[in-house]
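Novice: This is the structure, below, for whatever I ask next.
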Amino acid sequence: MSKTRVLLLTSRPESRRLLESALLGTDFVPCSVDFGEGAENIESQADVLLADAEALDSPSIREFVRRNPQMPLVLMTPDLRVETLLDVMRLGGVEVVRAPSRREEILEALQRALKRRQELTQWAEQEANRQALHLRREVDELRSLLKVGHVITANLNLEEALKAVVDAARELTGAEESVLMLLDEEAGELYLRAESNLQSGNKTLRLKIEDSLAGEVVRTGKPRVIDKDTLEKIKTAYLVQALIYVPLYMQGRVIGVLGVDNRTRRGYFTERDVNRLRALADYAAVALENASLYGKVEEERRKLEQVIRQVKEGMAVVDHDGDLILVNSTAASILGLSLEDALNKVRFAQFCSDPDVLSAVQGSISENREHHTELQARDGRVFDVHIMPVEGIGVILTFYDITHFKKLDQLKSNFVNAVSHDLRSPLTAALGYIELLSRVGPLNPAQTEFLSRARASLDNITDIINNLLDLGKIEAGLDKHNEIVNVAVAIQYAVEGNLPQAEAKKQSIEVSIDKNLPPVLGNAVRLRQVVDNLLANAIKYTPEGGKIKVTAKAQGGQVIITVEDTGAGIPQAEQRYIFNKFYRASNVAGVHPGTGLGLSIVKSIVENHKGRIWVESEVGKGSKFTTVLPAAPQIDSEEETENPNDE
């Protein structure tokens, strides 16, 4: 049998010896501690404290007693005044023995103190168990609510979400059955939408709003509770012992009720049960609203998809990650997609290997602006691909079949080239005879004026023919001899060649070229022609005293050349046509002479070099033409440059 340890707190040695002798031969074992310096750190494993009145005058001992409330205190004191007893009670004492005391009185006091300690320990354990059980119930309740919330947030299946709600309602309240009913405003009824353990098995249950408890909840928007003391006949043709109905709110309006009931088991539902049902009703309302919103989104998506699929032109939608998320049958056919691929989210790059289209799509996504390019399908058809960014989605690709126009353009080009070539000889002859007229005899002033005008007209026609022949060669790919071209040198030559015309109009030309500008792979003559044509146009359409700026820089493995002026500008609506053959802007066509072929030649040269060109312009403020060319791949200095077109 284990011994009970008694900590003796005495002020005098003789008192300690007296108490130790009183405990001899009993189940109590005396022990003591030193309450000198550092006594505040004393730790003891004693079961009970036995102290005399003088010992409690020590601050260290009083502090020790306060810090160990689990040890019952028995005080021996000759002073039994009320003040002394109150002081002992404040300190936590449970027994007081008058000193001097007999041995039996001390032992009885210690036994009573231990019994009180056991009672308190037992009470504390019971209270702890009760609180633990309460906490476990709280945790289980929270887990059930979290489970329902997870089902609702992770699953758009309305049936599963509502089933989880009614199951949780029955489980958390301990009810026999649970129902969720929604409002049919046209019929003025509530109809069963979900149930858990409904004993009647009536899956088509409907209740009138006017004469039912559930209808009362809809009308008032307040919960209704009945129990065995307030039994009522519910308008569902069955009796219950206890019931709760709580309203379902959506956007501030009651749309139904959530209820639990006991048919056979008597008892009460508490306010806590009502609050649980309120929380679950909110979950149910969230599930219904999510389903409603999802249904509307799906319906709109189906409508949009149906419209896109019926559009004659090919259409495809690519998201910001490069996934093909929507495509109609025409675009699927162009891209070589199967029906299964067209209906599934796949990588756009898996089915479109054209580098120009892929680059344009990536550029449209990253730069957030529209792009145009061309795509030749596997069946030989040619499509103009218009790529438009859509915020929050990605880009929309529209495929316009331009095969017929390409053929017509080719026929026209062939015809123009043939006619231009045939006209060149007679025009040369005509110019020669005009030159000879002044040598065969004197001409009067009128004849000289007429010959001058004829020569100017023939020169203009010759320029048009030469441009057409140049354009034909470029489009036919007859001058694709590529070499490493120093872009900075090409720009300097173009600027020097156009400097006299700029000086004649008192215009300034500012040139800014990166020092480490990389070369490009291409035709040096044609690349200089690009800058030359853009610069000549800038000079032509910029008034006297205007400013022209030419820049060239490297960025992302590309060379970017810009020619910017302060000239007449181009109307916004006409900018998309400015690179077409023979097209001239309406605000300059009658003011400045020109053929309308210069920008078309520039665009053809740039595209033959796998580049892009576009214009930004505002009428009256000027234009900015931007040309982007891929930089030449770096090669070892000892290796010879190979022509990528050689096979």
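Identifiers for the structure tokens are assigned positionally: chains receive A, B, ... in sequence, residues are indexed from 1 per chain, and ligands are indexed from 1 in the order shown.
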Could you write out, as an MDAnalysis selection string, all the residues of segment 532-621 of chain A that DSSP marks as strand (DSSP E)?
Specialist: chainID A and resid 547:555 558:565 612:618
Novice: Kindly export the residues of the current selection with C-alpha atoms, as an mmCIF file, in the first residue's frame.
Specialist:
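Output saved as again_1.cif:
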data_model
loop_
_atom_site.group_PDB
_atom_site.id
_atom_site.type_symbol
_atom_site.label_atom_id
_atom_site.label_comp_id
_atom_site.auth_asym_id
_atom_site.auth_seq_id
_atom_site.Cartn_x
_atom_site.Cartn_y
_atom_site.Cartn_z
ATOM 1 C CA LYS A 547 10.812 65.963 -88.381
ATOM 2 C CA ILE A 548 11.585 62.380 -89.361
ATOM 3 C CA LYS A 549 13.047 59.785 -87.001
ATOM 4 C CA VAL A 550 14.598 56.434 -87.943
ATOM 5 C CA THR A 551 15.415 53.941 -85.164
ATOM 6 C CA ALA A 552 16.729 50.391 -85.098
ATOM 7 C CA LYS A 553 17.071 48.199 -82.009
ATOM 8 C CA ALA A 554 17.344 44.541 -81.010
ATOM 9 C CA GLN A 555 14.740 42.852 -78.840
ATOM 10 C CA GLN A 558 14.473 40.340 -83.516
ATOM 11 C CA VAL A 559 15.518 43.568 -85.207
ATOM 12 C CA ILE A 560 12.916 46.341 -84.924
ATOM 13 C CA ILE A 561 13.104 49.252 -87.384
ATOM 14 C CA THR A 562 10.786 52.250 -87.105
ATOM 15 C CA VAL A 563 10.316 55.233 -89.417
ATOM 16 C CA GLU A 564 8.311 58.011 -87.771
ATOM 17 C CA ASP A 565 7.229 61.354 -89.281
ATOM 18 C CA ARG A 612 5.986 41.791 -89.939
ATOM 19 C CA ILE A 613 5.120 45.421 -90.604
ATOM 20 C CA TRP A 614 2.344 47.638 -89.304
ATOM 21 C CA VAL A 615 1.438 51.302 -89.039
ATOM 22 C CA GLU A 616 0.289 53.556 -86.216
ATOM 23 C CA SER A 617 -1.036 56.886 -87.416
ATOM 24 C CA GLU A 618 -3.208 59.839 -86.556
#
Novice: Excluding same-chain residues fewer than 4 positions from segment 490-502 of chain A, what lies within 7 Å of it counting only C-alpha atoms, as a list in words?
Specialist: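 In the requested format, the answer is Asn486, Lys506, Gln507, Ser508, Arg528, Val531, Asp532, Ala536 and Ile539 of chain A.
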Novice: Create the file for the chosen residues now, containing C-alpha atoms and written as a compact mmCIF listing (two decimals), in the first residue's frame.
Specialist:
# COMPACT_ATOMS: atom_id res chain seq x y z
CA ASN A 486 24.29 44.60 -91.77
CA LYS A 506 14.10 71.87 -94.68
CA GLN A 507 13.28 68.65 -92.82
CA SER A 508 15.43 67.06 -90.13
CA ARG A 528 17.63 48.74 -98.19
CA VAL A 531 13.92 51.62 -95.55
CA ASP A 532 14.30 53.70 -98.71
CA ALA A 536 10.82 58.53 -99.19
CA ILE A 539 9.66 62.95 -96.72
Novice: Which one is closest to Arg302 of chain A: A:Ala242, A:Leu75, A:Leu326, A:Ala164? Count only C-alpha atoms.
Specialist: A:Leu326
Novice: Compile a residue-level contact table for segment 510-562 of chain A against segment 601-608 of chain A at a cut-off of 8 Å, reporting for every qualifying residue the shortest atom pair and its distance in Å to one decimal, with only C-alpha atoms counted, rows ordered by chain and ascending number, as CSV.
Specialist:
residue,atom,partner,partner_atom,distance
A:Arg526,CA,A:Ile605,CA,6.6
A:Leu527,CA,A:Ile605,CA,7.3
A:Gln529,CA,A:Val602,CA,7.5
A:Val530,CA,A:Val602,CA,5.1
A:Asn533,CA,A:Val602,CA,7.2
A:Leu534,CA,A:Val602,CA,7.9
Novice: Just the number, please: distance in Å from atom CA of Met76 of chain A to atom CA of Arg112 of chain A, one decimal.
Specialist: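 A separation of 14.4 Å between them.
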Novice: Just checking: using only C-alpha atoms, which residue out of A:Leu158, A:Asp514, A:Arg278, A:Gly267 ends up closest to Ser292 of chain A?
Specialist: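 Result for the nearest residue to Ser292 of chain A: A:Leu158.
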Novice: Compile the contact shell of Ala22 of chain A as a ChimeraX atom specification: residues with an atom at most 9 Å away, counting only C-alpha atoms, same-chain residues fewer than 3 positions apart removed.
Specialist: /A:17-19,25-26,102-104,106-107
Novice: Let's have the selection written as a PDB file, in the first residue's frame, with N, CA and C atoms.
Specialist:
ATOM      1  N   ARG A  17       9.519  18.389  14.949  1.00  0.00           N
ATOM      2  CA  ARG A  17       9.753  17.101  15.605  1.00  0.00           C
ATOM      3  C   ARG A  17       8.463  16.562  16.214  1.00  0.00           C
ATOM      4  N   LEU A  18       7.640  17.473  16.746  1.00  0.00           N
ATOM      5  CA  LEU A  18       6.375  17.065  17.343  1.00  0.00           C
ATOM      6  C   LEU A  18       5.448  16.454  16.290  1.00  0.00           C
ATOM      7  N   LEU A  19       5.370  17.103  15.132  1.00  0.00           N
ATOM      8  CA  LEU A  19       4.493  16.609  14.074  1.00  0.00           C
ATOM      9  C   LEU A  19       5.026  15.306  13.482  1.00  0.00           C
ATOM     10  N   GLY A  25       4.400   5.507  12.565  1.00  0.00           N
ATOM     11  CA  GLY A  25       3.557   4.324  12.646  1.00  0.00           C
ATOM     12  C   GLY A  25       2.256   4.452  11.887  1.00  0.00           C
ATOM     13  N   THR A  26       2.099   5.470  11.053  1.00  0.00           N
ATOM     14  CA  THR A  26       0.873   5.657  10.246  1.00  0.00           C
ATOM     15  C   THR A  26       1.216   5.536   8.761  1.00  0.00           C
ATOM     16  N   ARG A 102      -4.169  16.818  19.843  1.00  0.00           N
ATOM     17  CA  ARG A 102      -3.843  15.427  20.066  1.00  0.00           C
ATOM     18  C   ARG A 102      -3.504  14.761  18.731  1.00  0.00           C
ATOM     19  N   ARG A 103      -2.765  13.643  18.799  1.00  0.00           N
ATOM     20  CA  ARG A 103      -2.335  12.919  17.601  1.00  0.00           C
ATOM     21  C   ARG A 103      -3.539  12.479  16.772  1.00  0.00           C
ATOM     22  N   GLU A 104      -4.618  12.001  17.434  1.00  0.00           N
ATOM     23  CA  GLU A 104      -5.793  11.526  16.704  1.00  0.00           C
ATOM     24  C   GLU A 104      -6.462  12.658  15.925  1.00  0.00           C
ATOM     25  N   ILE A 106      -4.982  15.306  14.656  1.00  0.00           N
ATOM     26  CA  ILE A 106      -4.166  15.632  13.476  1.00  0.00           C
ATOM     27  C   ILE A 106      -4.404  14.620  12.357  1.00  0.00           C
ATOM     28  N   LEU A 107      -4.408  13.318  12.746  1.00  0.00           N
ATOM     29  CA  LEU A 107      -4.597  12.275  11.733  1.00  0.00           C
ATOM     30  C   LEU A 107      -5.983  12.363  11.097  1.00  0.00           C
TER      31      LEU A 107
END
Novice: Using only C-alpha atoms for the distances, tell me which of A:Tyr245, A:Tyr191, A:Phe405, A:Phe450 is nearest to Arg206 of chain A.
Specialist: A:Tyr191
